[in-house]
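Peer 1: I'm passing along my_file10.txt; it holds compact mmCIF, N, CA and C atoms.
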```txt
# COMPACT_ATOMS: atom_id res chain seq x y z
N MET A 595 -62.93 9.36 -9.99
CA MET A 595 -62.30 8.15 -10.44
C MET A 595 -60.90 8.44 -10.95
N ARG A 596 -60.71 9.59 -11.51
CA ARG A 596 -59.42 9.97 -12.07
C ARG A 596 -58.40 10.18 -10.97
N GLU A 597 -58.80 10.53 -9.76
CA GLU A 597 -57.87 10.80 -8.67
C GLU A 597 -57.21 9.52 -8.17
N ASN A 598 -57.83 8.35 -8.33
CA ASN A 598 -57.28 7.08 -7.86
C ASN A 598 -56.23 6.52 -8.80
N GLN A 599 -56.21 6.97 -10.02
CA GLN A 599 -55.25 6.45 -10.99
C GLN A 599 -53.91 7.16 -10.81
N HIS A 600 -52.84 6.56 -11.36
CA HIS A 600 -51.51 7.18 -11.34
C HIS A 600 -51.53 8.42 -12.21
N PRO A 601 -50.78 9.44 -11.79
CA PRO A 601 -50.81 10.68 -12.58
C PRO A 601 -50.19 10.47 -13.96
N ASP A 602 -50.79 11.10 -14.90
CA ASP A 602 -50.28 11.05 -16.28
C ASP A 602 -49.72 12.42 -16.63
N GLY A 603 -49.01 12.49 -17.71
CA GLY A 603 -48.54 13.77 -18.20
C GLY A 603 -47.24 14.21 -17.55
N PRO A 604 -47.11 15.51 -17.28
CA PRO A 604 -45.86 16.08 -16.79
C PRO A 604 -45.43 15.53 -15.43
N ALA A 605 -46.40 15.24 -14.56
CA ALA A 605 -46.04 14.72 -13.24
C ALA A 605 -45.41 13.34 -13.35
N LYS A 606 -45.94 12.51 -14.22
CA LYS A 606 -45.38 11.17 -14.40
C LYS A 606 -43.97 11.26 -14.99
N GLY A 607 -43.77 12.13 -15.93
CA GLY A 607 -42.44 12.32 -16.53
C GLY A 607 -41.43 12.83 -15.52
N LEU A 608 -41.89 13.71 -14.64
CA LEU A 608 -41.02 14.25 -13.61
C LEU A 608 -40.60 13.16 -12.62
N LEU A 609 -41.54 12.33 -12.22
CA LEU A 609 -41.22 11.23 -11.29
C LEU A 609 -40.24 10.24 -11.91
N SER A 610 -40.46 9.88 -13.17
CA SER A 610 -39.56 8.93 -13.82
C SER A 610 -38.17 9.54 -13.99
N THR A 611 -38.11 10.83 -14.28
CA THR A 611 -36.82 11.51 -14.41
C THR A 611 -36.08 11.54 -13.08
N LEU A 612 -36.82 11.84 -12.01
CA LEU A 612 -36.19 11.84 -10.68
C LEU A 612 -35.71 10.44 -10.30
N GLN A 613 -36.47 9.42 -10.66
CA GLN A 613 -36.05 8.04 -10.38
C GLN A 613 -34.77 7.70 -11.16
N ARG A 614 -34.70 8.10 -12.41
CA ARG A 614 -33.50 7.83 -13.20
C ARG A 614 -32.29 8.57 -12.63
N ILE A 615 -32.50 9.83 -12.23
CA ILE A 615 -31.39 10.59 -11.64
C ILE A 615 -30.92 9.93 -10.35
N GLY A 616 -31.87 9.48 -9.54
CA GLY A 616 -31.52 8.79 -8.29
C GLY A 616 -30.76 7.51 -8.55
N SER A 617 -31.20 6.72 -9.51
CA SER A 617 -30.49 5.46 -9.80
C SER A 617 -29.10 5.73 -10.38
N ILE A 618 -28.98 6.77 -11.18
CA ILE A 618 -27.66 7.14 -11.73
C ILE A 618 -26.73 7.57 -10.61
N LEU A 619 -27.23 8.37 -9.67
CA LEU A 619 -26.40 8.81 -8.54
C LEU A 619 -25.97 7.62 -7.68
N ILE A 620 -26.88 6.70 -7.45
CA ILE A 620 -26.54 5.51 -6.66
C ILE A 620 -25.48 4.69 -7.38
N ASN A 621 -25.61 4.53 -8.69
CA ASN A 621 -24.61 3.79 -9.46
C ASN A 621 -23.25 4.48 -9.44
N MET A 622 -23.27 5.82 -9.49
CA MET A 622 -22.01 6.56 -9.44
C MET A 622 -21.31 6.36 -8.09
N VAL A 623 -22.08 6.43 -7.01
CA VAL A 623 -21.49 6.23 -5.68
C VAL A 623 -20.95 4.82 -5.54
N GLU A 624 -21.69 3.85 -6.03
CA GLU A 624 -21.24 2.46 -5.97
C GLU A 624 -19.95 2.26 -6.76
N THR A 625 -19.87 2.85 -7.95
CA THR A 625 -18.66 2.75 -8.76
C THR A 625 -17.47 3.41 -8.07
N ARG A 626 -17.69 4.57 -7.46
CA ARG A 626 -16.61 5.26 -6.74
C ARG A 626 -16.11 4.42 -5.58
N LEU A 627 -17.02 3.80 -4.85
CA LEU A 627 -16.62 2.95 -3.72
C LEU A 627 -15.83 1.72 -4.19
N GLN A 628 -16.23 1.16 -5.31
CA GLN A 628 -15.48 0.03 -5.87
C GLN A 628 -14.08 0.48 -6.29
N LEU A 629 -13.96 1.65 -6.88
CA LEU A 629 -12.65 2.17 -7.28
C LEU A 629 -11.76 2.41 -6.07
N VAL A 630 -12.34 2.95 -5.00
CA VAL A 630 -11.57 3.17 -3.77
C VAL A 630 -11.08 1.85 -3.21
N ALA A 631 -11.93 0.83 -3.23
CA ALA A 631 -11.53 -0.49 -2.72
C ALA A 631 -10.38 -1.07 -3.54
N VAL A 632 -10.45 -0.93 -4.86
CA VAL A 632 -9.39 -1.44 -5.73
C VAL A 632 -8.09 -0.68 -5.47
N GLU A 633 -8.18 0.64 -5.34
CA GLU A 633 -6.98 1.46 -5.08
C GLU A 633 -6.33 1.07 -3.75
N LEU A 634 -7.14 0.87 -2.72
CA LEU A 634 -6.59 0.48 -1.42
C LEU A 634 -5.91 -0.89 -1.49
N GLU A 635 -6.49 -1.80 -2.23
CA GLU A 635 -5.88 -3.13 -2.37
C GLU A 635 -4.54 -3.03 -3.10
N GLN A 636 -4.47 -2.21 -4.14
CA GLN A 636 -3.21 -2.04 -4.87
C GLN A 636 -2.17 -1.36 -3.99
N GLU A 637 -2.56 -0.38 -3.20
CA GLU A 637 -1.63 0.29 -2.30
C GLU A 637 -1.11 -0.67 -1.24
N LYS A 638 -1.97 -1.54 -0.76
CA LYS A 638 -1.55 -2.54 0.23
C LYS A 638 -0.50 -3.47 -0.37
N GLN A 639 -0.74 -3.93 -1.59
CA GLN A 639 0.23 -4.81 -2.25
C GLN A 639 1.55 -4.09 -2.49
N THR A 640 1.50 -2.83 -2.89
CA THR A 640 2.71 -2.05 -3.11
C THR A 640 3.48 -1.87 -1.81
N PHE A 641 2.77 -1.61 -0.71
CA PHE A 641 3.40 -1.42 0.59
C PHE A 641 4.07 -2.70 1.06
N VAL A 642 3.43 -3.84 0.87
CA VAL A 642 4.02 -5.13 1.26
C VAL A 642 5.28 -5.40 0.44
N GLN A 643 5.25 -5.10 -0.85
CA GLN A 643 6.43 -5.28 -1.69
C GLN A 643 7.56 -4.37 -1.23
N LEU A 644 7.24 -3.15 -0.86
CA LEU A 644 8.25 -2.20 -0.37
C LEU A 644 8.88 -2.69 0.92
N ILE A 645 8.08 -3.21 1.83
CA ILE A 645 8.60 -3.73 3.10
C ILE A 645 9.51 -4.93 2.84
N LEU A 646 9.11 -5.83 1.96
CA LEU A 646 9.95 -6.99 1.65
C LEU A 646 11.27 -6.57 1.00
N LEU A 647 11.22 -5.60 0.12
CA LEU A 647 12.43 -5.12 -0.52
C LEU A 647 13.36 -4.46 0.49
N ALA A 648 12.81 -3.66 1.40
CA ALA A 648 13.62 -3.01 2.42
C ALA A 648 14.26 -4.05 3.35
N ASP A 649 13.51 -5.09 3.71
CA ASP A 649 14.07 -6.15 4.55
C ASP A 649 15.23 -6.87 3.84
N THR A 650 15.06 -7.14 2.56
CA THR A 650 16.11 -7.80 1.80
C THR A 650 17.35 -6.92 1.72
N ILE A 651 17.16 -5.64 1.49
CA ILE A 651 18.29 -4.72 1.42
C ILE A 651 19.04 -4.66 2.75
N LEU A 652 18.29 -4.58 3.85
CA LEU A 652 18.94 -4.54 5.17
C LEU A 652 19.70 -5.84 5.46
N LEU A 653 19.15 -6.96 5.05
CA LEU A 653 19.84 -8.24 5.26
C LEU A 653 21.14 -8.29 4.45
N LEU A 654 21.10 -7.83 3.21
CA LEU A 654 22.31 -7.83 2.39
C LEU A 654 23.36 -6.86 2.92
N ILE A 655 22.92 -5.72 3.44
CA ILE A 655 23.86 -4.77 4.04
C ILE A 655 24.53 -5.39 5.26
N ALA A 656 23.76 -6.10 6.07
CA ALA A 656 24.32 -6.75 7.26
C ALA A 656 25.36 -7.80 6.86
N PHE A 657 25.06 -8.60 5.84
CA PHE A 657 26.04 -9.58 5.37
C PHE A 657 27.30 -8.92 4.84
N GLY A 658 27.13 -7.81 4.12
CA GLY A 658 28.29 -7.08 3.61
C GLY A 658 29.17 -6.54 4.73
N LEU A 659 28.54 -5.98 5.77
CA LEU A 659 29.32 -5.47 6.90
C LEU A 659 30.04 -6.59 7.65
N MET A 660 29.36 -7.72 7.81
CA MET A 660 30.02 -8.85 8.48
C MET A 660 31.21 -9.35 7.66
N SER A 661 31.05 -9.40 6.34
CA SER A 661 32.16 -9.82 5.49
C SER A 661 33.32 -8.83 5.58
N LEU A 662 33.02 -7.55 5.62
CA LEU A 662 34.05 -6.53 5.76
C LEU A 662 34.79 -6.68 7.09
N LEU A 663 34.06 -6.95 8.17
CA LEU A 663 34.71 -7.14 9.47
C LEU A 663 35.61 -8.37 9.47
N VAL A 664 35.16 -9.45 8.85
CA VAL A 664 36.00 -10.65 8.77
C VAL A 664 37.26 -10.34 7.98
N LEU A 665 37.14 -9.60 6.89
CA LEU A 665 38.30 -9.23 6.09
C LEU A 665 39.27 -8.38 6.91
N ILE A 666 38.75 -7.44 7.69
CA ILE A 666 39.61 -6.60 8.53
C ILE A 666 40.33 -7.45 9.57
N PHE A 667 39.60 -8.39 10.19
CA PHE A 667 40.20 -9.24 11.21
C PHE A 667 41.31 -10.12 10.63
N LEU A 668 41.12 -10.60 9.41
CA LEU A 668 42.12 -11.47 8.79
C LEU A 668 43.34 -10.69 8.30
N MET A 669 43.19 -9.40 7.98
CA MET A 669 44.30 -8.61 7.48
C MET A 669 45.23 -8.12 8.59
N VAL A 670 44.74 -8.06 9.81
CA VAL A 670 45.51 -7.49 10.92
C VAL A 670 46.45 -8.55 11.48
N ASP A 671 47.60 -8.07 11.94
CA ASP A 671 48.57 -8.94 12.59
C ASP A 671 47.92 -9.61 13.81
N PRO A 672 48.13 -10.92 14.00
CA PRO A 672 47.50 -11.62 15.13
C PRO A 672 47.83 -11.01 16.49
N ALA A 673 48.92 -10.30 16.60
CA ALA A 673 49.28 -9.70 17.88
C ALA A 673 48.32 -8.57 18.24
N TYR A 674 47.74 -7.94 17.23
CA TYR A 674 46.84 -6.81 17.47
C TYR A 674 45.36 -7.18 17.29
N SER A 675 45.06 -8.43 17.18
CA SER A 675 43.68 -8.83 16.86
C SER A 675 42.70 -8.45 17.98
N ILE A 676 43.14 -8.55 19.23
CA ILE A 676 42.25 -8.18 20.34
C ILE A 676 41.90 -6.69 20.28
N GLN A 677 42.91 -5.84 20.01
CA GLN A 677 42.65 -4.40 19.93
C GLN A 677 41.72 -4.08 18.74
N VAL A 678 41.92 -4.76 17.62
CA VAL A 678 41.07 -4.52 16.45
C VAL A 678 39.64 -4.93 16.73
N VAL A 679 39.46 -6.06 17.39
CA VAL A 679 38.10 -6.51 17.73
C VAL A 679 37.46 -5.49 18.68
N ALA A 680 38.20 -4.99 19.66
CA ALA A 680 37.67 -4.02 20.59
C ALA A 680 37.31 -2.71 19.89
N ILE A 681 38.16 -2.27 18.96
CA ILE A 681 37.88 -1.02 18.24
C ILE A 681 36.66 -1.16 17.34
N THR A 682 36.58 -2.27 16.59
CA THR A 682 35.42 -2.45 15.70
C THR A 682 34.12 -2.64 16.50
N THR A 683 34.23 -3.25 17.67
CA THR A 683 33.05 -3.38 18.51
C THR A 683 32.60 -2.02 19.02
N ALA A 684 33.55 -1.18 19.40
CA ALA A 684 33.21 0.15 19.88
C ALA A 684 32.61 1.02 18.78
N VAL A 685 33.12 0.84 17.58
CA VAL A 685 32.60 1.64 16.47
C VAL A 685 31.21 1.14 16.09
```
Using the file provided, produce a representation of the structure as structure tokens.
Peer 2:
Amino acid sequence: MRENQHPDGPAKGLLSTLQRIGSILINMVETRLQLVAVELEQEKQTFVQLILLADTILLLIAFGLMSLLVLIFLMVDPAYSIQVVAITTAV
């Protein structure tokens, strides 16, 4: 009759300890996966911000260069404007 019952004593304590260790390990893995997901989301947001900032910088540089070219064209004598346009285009 004793064989049909759940084990008592050291065997029962060992099983409960192994169950606790298993649940702790599962919780640790779950927590690590959640941390990885959060880190990836933050990196994605940082990367998008970096791309937007780089695009804005390139746009402002292009406007600055166009303004510089207009200034050069206006400063040159009208007789030489064709040569200046050709030189700036070549450069």
Peer 1: Report, in Å with one decimal, the straight-line distance from atom C of Ser617 of chain A to atom CA of Val630 of chain A.
Peer 2: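 Result for atom C of Ser617 of chain A versus atom CA of Val630 of chain A: 18.9 Å, one decimal.
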Peer 1: In Å, with one decimal, what is the gap from atom CA of Ser610 of chain A to atom CA of Met622 of chain A?
Peer 2: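 It comes out at 18.2 Å.
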Peer 1: Calculate how many Å separate atom CA of Ile666 of chain A from atom N of Ala680 of chain A, rounding to one decimal.
Peer 2: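 We find that atom CA of Ile666 of chain A and atom N of Ala680 of chain A lie 11.3 Å from each other.
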